[in-house]
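Enquirer: Structure file data_27.txt (compact mmCIF, C-alpha atoms) is given on the next line.
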```
# COMPACT_ATOMS: atom_id res chain seq x y z
CA MET A 1 -51.37 48.92 95.12
CA TRP A 2 -55.13 48.52 95.55
CA ARG A 3 -55.62 52.23 94.75
CA VAL A 4 -54.01 51.78 91.34
CA PHE A 5 -56.18 48.73 90.65
CA LEU A 6 -59.29 50.56 91.84
CA SER A 7 -58.66 53.62 89.68
CA ILE A 8 -57.91 51.45 86.63
CA SER A 9 -61.05 49.39 87.28
CA VAL A 10 -63.21 52.50 87.72
CA GLY A 11 -61.73 54.04 84.54
CA LEU A 12 -62.44 50.90 82.52
CA TRP A 13 -65.95 50.58 83.94
CA ALA A 14 -66.75 54.17 82.96
CA GLN A 15 -65.76 53.42 79.37
CA MET A 16 -67.48 50.07 78.97
CA PRO A 17 -71.16 50.96 78.45
CA VAL A 18 -70.69 52.97 75.24
CA ASP A 19 -68.34 50.30 73.90
CA SER A 20 -70.58 47.43 74.92
CA ILE A 21 -73.70 48.73 73.15
CA TYR A 22 -71.57 49.92 70.17
CA GLY A 23 -74.61 51.21 68.31
CA LEU A 24 -78.10 52.67 68.57
CA LEU A 25 -81.56 51.91 67.22
CA GLY A 26 -80.71 48.24 66.92
CA ARG A 27 -77.82 49.04 64.56
CA GLN A 28 -74.23 48.15 65.38
CA LEU A 29 -71.33 50.38 64.37
CA GLU A 30 -69.11 48.80 61.71
CA SER A 31 -72.11 46.92 60.25
CA PRO A 32 -71.86 46.52 56.47
CA LYS A 33 -73.91 48.94 54.38
CA ALA A 34 -75.59 45.95 52.72
CA ALA A 35 -77.40 45.26 56.03
CA PHE A 36 -79.44 48.47 55.60
CA ASP A 37 -82.54 48.62 53.40
CA GLY A 38 -84.25 51.67 51.92
CA LEU A 39 -81.67 54.32 52.81
CA ILE A 40 -81.97 57.66 51.02
CA PRO A 41 -78.61 59.16 49.89
CA LYS A 42 -77.72 62.50 51.52
CA GLY A 43 -74.28 63.06 49.97
CA SER A 44 -70.71 62.85 51.15
CA PHE A 45 -69.11 64.81 53.97
CA GLN A 46 -65.84 64.32 55.86
CA ARG A 47 -64.91 61.33 53.66
CA LYS A 48 -68.10 59.53 54.67
CA ASP A 49 -71.19 58.69 52.59
CA TRP A 50 -74.37 59.81 54.36
CA TYR A 51 -77.88 58.34 54.12
CA ARG A 52 -81.22 59.18 55.72
CA SER A 53 -83.38 56.44 57.15
CA PRO A 54 -87.07 56.57 56.23
CA LYS A 55 -87.83 53.76 58.70
CA ASP A 56 -86.47 54.94 62.06
CA THR A 57 -89.10 57.35 63.37
CA VAL A 58 -89.51 56.26 67.01
CA TRP A 59 -87.06 54.84 69.52
CA GLU A 60 -88.26 53.59 72.91
CA GLY A 61 -91.36 55.80 72.54
CA ILE A 62 -89.34 58.93 71.66
CA PRO A 63 -90.35 60.52 68.33
CA LEU A 64 -87.32 61.01 66.08
CA ALA A 65 -87.24 63.94 63.67
CA GLU A 66 -84.48 62.40 61.54
CA VAL A 67 -81.96 59.57 61.58
CA ARG A 68 -78.85 59.60 59.41
CA TYR A 69 -76.22 56.96 58.91
CA ALA A 70 -72.68 57.60 57.65
CA PHE A 71 -70.51 54.87 56.16
CA TYR A 72 -66.78 54.72 55.66
CA ARG A 73 -65.26 51.91 53.60
CA GLY A 74 -68.73 50.36 53.39
CA LYS A 75 -69.12 50.09 57.18
CA LEU A 76 -71.33 52.07 59.56
CA HIS A 77 -69.21 54.88 61.01
CA THR A 78 -71.77 57.31 62.47
CA ILE A 79 -75.36 57.27 63.69
CA LEU A 80 -76.93 60.74 63.91
CA ILE A 81 -80.33 61.13 65.58
CA LYS A 82 -82.28 64.40 65.69
CA VAL A 83 -85.17 65.00 68.08
CA GLU A 84 -87.30 68.12 68.32
CA GLY A 85 -88.71 69.86 71.38
CA PRO A 86 -87.91 69.88 75.07
CA GLU A 87 -89.98 66.80 75.97
CA ALA A 88 -88.36 64.55 73.36
CA SER A 89 -84.93 65.96 74.18
CA GLU A 90 -85.32 65.29 77.90
CA ALA A 91 -86.64 61.79 77.21
CA MET A 92 -83.62 61.10 74.99
CA ARG A 93 -81.20 62.28 77.69
CA VAL A 94 -82.89 60.10 80.30
CA LEU A 95 -82.80 57.10 77.93
CA LEU A 96 -79.10 57.58 77.24
CA GLU A 97 -78.31 57.93 80.93
CA THR A 98 -80.32 54.78 81.63
CA LEU A 99 -78.32 52.87 78.99
CA LEU A 100 -74.89 54.38 79.63
CA GLY A 101 -74.90 56.04 83.03
CA PRO A 102 -74.30 59.76 83.48
CA GLY A 103 -72.35 61.43 80.70
CA LYS A 104 -69.63 64.02 81.16
CA GLN A 105 -71.19 67.48 80.84
CA GLU A 106 -69.30 69.99 78.74
CA GLY A 107 -69.71 73.60 79.85
CA TYR A 108 -73.02 74.99 81.02
CA ALA A 109 -75.10 73.87 78.03
CA PRO A 110 -77.02 70.58 77.99
CA ARG A 111 -74.19 68.78 76.21
CA TYR A 112 -73.05 65.37 77.42
CA ARG A 113 -70.38 63.02 76.12
CA TRP A 114 -69.69 59.33 76.66
CA ILE A 115 -66.27 58.13 75.51
CA GLY A 116 -65.03 54.58 75.27
CA GLN A 117 -62.14 52.81 73.60
CA ARG A 118 -64.19 51.86 70.51
CA ALA A 119 -66.98 54.45 70.37
CA THR A 120 -68.00 57.92 71.42
CA LEU A 121 -71.48 59.34 71.89
CA LEU A 122 -72.50 63.00 72.07
CA TYR A 123 -75.83 64.42 73.27
CA ASP A 124 -76.02 68.06 72.17
CA GLN A 125 -79.12 70.13 72.91
CA ASN A 126 -79.57 73.58 71.38
CA ILE A 127 -80.31 75.96 74.27
CA LEU A 128 -82.57 78.16 72.11
CA THR A 129 -84.66 75.64 70.15
CA ARG A 130 -84.35 72.81 72.70
CA ASN A 131 -83.84 70.44 69.74
CA THR A 132 -81.20 67.77 70.22
CA GLU A 133 -78.69 65.85 68.14
CA VAL A 134 -77.27 62.55 69.33
CA ARG A 135 -74.21 61.35 67.44
CA MET A 136 -72.47 58.03 67.98
CA GLU A 137 -69.25 57.34 66.11
CA SER A 138 -66.94 54.39 65.74
CA LEU A 139 -63.49 55.36 66.96
CA VAL A 140 -62.12 52.25 65.23
CA LEU A 141 -63.29 53.50 61.81
CA GLN A 142 -62.33 57.08 62.69
CA ARG A 143 -58.73 55.98 63.26
CA GLN A 144 -58.78 54.26 59.83
CA LEU A 145 -60.22 57.37 58.22
CA GLU A 146 -57.54 59.57 59.77
CA ALA A 147 -54.77 57.15 58.76
CA ASP A 148 -56.08 57.09 55.18
CA ALA A 149 -56.24 60.89 55.10
CA TYR A 150 -52.69 61.09 56.41
CA LYS A 151 -51.43 58.62 53.77
CA GLU A 152 -53.15 60.64 51.07
CA PHE A 153 -51.58 63.82 52.40
CA GLN A 154 -48.12 62.20 52.47
CA GLY A 155 -48.58 61.10 48.84
CA ARG A 156 -48.97 64.67 47.58
```
Just dump the structure as C-alpha cells.
Expert:
Amino acid sequence: MWRVFLSISVGLWAQMPVDSIYGLLGRQLESPKAAFDGLIPKGSFQRKDWYRSPKDTVWEGIPLAEVRYAFYRGKLHTILIKVEGPEASEAMRVLLETLLGPGKQEGYAPRYRWIGQRATLLYDQNILTRNTEVRMESLVLQRQLEADAYKEFQGR
C-alpha cells in the first residue's frame, strides 16, 4: 500500500514545479492580453496570435535574443524565449533546473522537457549553433484550442 502512495506522491511532486510557476519572466500563463503593454504583432500561427516583446531583454542576468508571446482566446497560451550562444544557453538550462529540478532529456541532444498537469516547458538547444529556444505552454488553453478545432472540423 505504501508503495502505491509513494509512487503517486513522487509522480505528483515531479509535475508540480512547472505547474506551480505557471509562467516565465514574471508573466503567468492564461493572463489576459490586456495585461501586456507595447507588444509588436508577429502574425497568427496554429490558431494563436503572436507578439514580440520589446521589453524583455534580460532574465536573471541572461541576455535574451527574443521573447514572443502567443494568445488564444485573448489569454496567454505560449511564452517563447530565444537565447544565443553556448554561455547564455547553459545559463538558461541551469536557471530552469534551479527553478524546476532536472528535466527529462529527449535523445542525445541538449533537449529537456518538464511536463505538468497544467503546463509544459521545453528547453531545446541547437547542437550546431548552440542557440536555444525555451517554450512554455498552457495545457489548459491547448485543450480548449484542440476542442475548438475538433468542433470546427465536425461542423464541416
Enquirer: Pick the closest to Gly101 in chain A from A:Gly85, A:Pro54, A:Pro41, A:Pro17: which is it, counting all atoms listed in the file?
Expert: A:Pro17
Enquirer: Could you give me, as number ranges by chain, the residues within 6 Å of Tyr51 in chain A, counting all atoms listed in the file and dropping anything in the same chain fewer than 6 positions from it?
Expert: A: 39-42, 68-69
Enquirer: If I take CA of Ala65 in chain A and CA of Glu84 in chain A, how far is one from the other in Å, to one decimal?
Expert: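 Separating CA of Ala65 in chain A from CA of Glu84 in chain A is a distance of 6.3 Å.
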Enquirer: Please identify all polymer residues within 8 Å of range 86-100 of chain A, counting all atoms listed in the file, omitting same-chain residues fewer than 4 positions from it, and present them as a list in words.
Expert: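 Everything that qualifies: Pro17, Val18, Ile62, Pro63, Trp114, Tyr123, Gln125, Arg130, Asn131 and Thr132 of chain A.
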Enquirer: Considering all atoms listed in the file, state which residue in the set A:Ser20, A:Gln105, A:Gln46, A:Thr78 is at the smallest distance from Lys33 in chain A.
Expert: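 Ranking A:Ser20, A:Gln105, A:Gln46, A:Thr78 by distance to Lys33 in chain A, first place goes to A:Thr78.
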Enquirer: Counting only C-alpha atoms, figure out which residue out of A:Asp124, A:Gly43, A:Glu152, A:Ala109 gets nearest to Ile81 in chain A.
Expert: A:Asp124
Enquirer: For Glu30 in chain A, which residue out of A:Leu76, A:Leu122, A:Val140, A:Leu64 is the nearest one, using only C-alpha atoms?
Expert: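 So, comparing all the options, the nearest one is A:Leu76.
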Enquirer: What is the distance, in Å and to one decimal place, between CA of Glu60 in chain A and CA of Lys82 in chain A?
Expert: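 For CA of Glu60 in chain A relative to CA of Lys82 in chain A, the distance reads 14.3 Å.
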Enquirer: Select, from A:Lys75, A:Thr57, A:Glu66, A:Thr120, the residue with the minimum atom-to-atom distance to Lys104 in chain A, counting all atoms listed in the file.
Expert: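 Of the candidates, the smallest distance to Lys104 in chain A is held by A:Thr120.
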Enquirer: Return the single residue from A:Leu139, A:Lys55, A:Gly74, A:Arg113 that is closest to Ala35 in chain A, with distances computed using only C-alpha atoms.
Expert: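 Between A:Leu139, A:Lys55, A:Gly74, A:Arg113, the residue approaching Ala35 in chain A most closely is A:Gly74.
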Enquirer: Suppose you want the space between CA of Ser53 in chain A and CA of Ala119 in chain A; what is it in Å?
Expert: 21.2 Å
Enquirer: Given 5 Å on each side, where is the centre and what are the edge lengths in Å to one decimal of the axis-aligned box enclosing the listed atoms of range 128-147 of chain A, as lines of an AutoDock Vina configuration file?
Expert:
```
center_x = -69.7
center_y = 65.2
center_z = 65.5
size_x = 39.9
size_y = 35.9
size_z = 24.5
```
Enquirer: Using only C-alpha atoms, which protein or nucleic acid residues come within 9 Å of Ile79 in chain A? Drop anything in the same chain fewer than 6 positions from it, and give the result as a VMD selection string.
Expert: chain A and resid 23 to 25 27 29 67 to 70 134 to 137
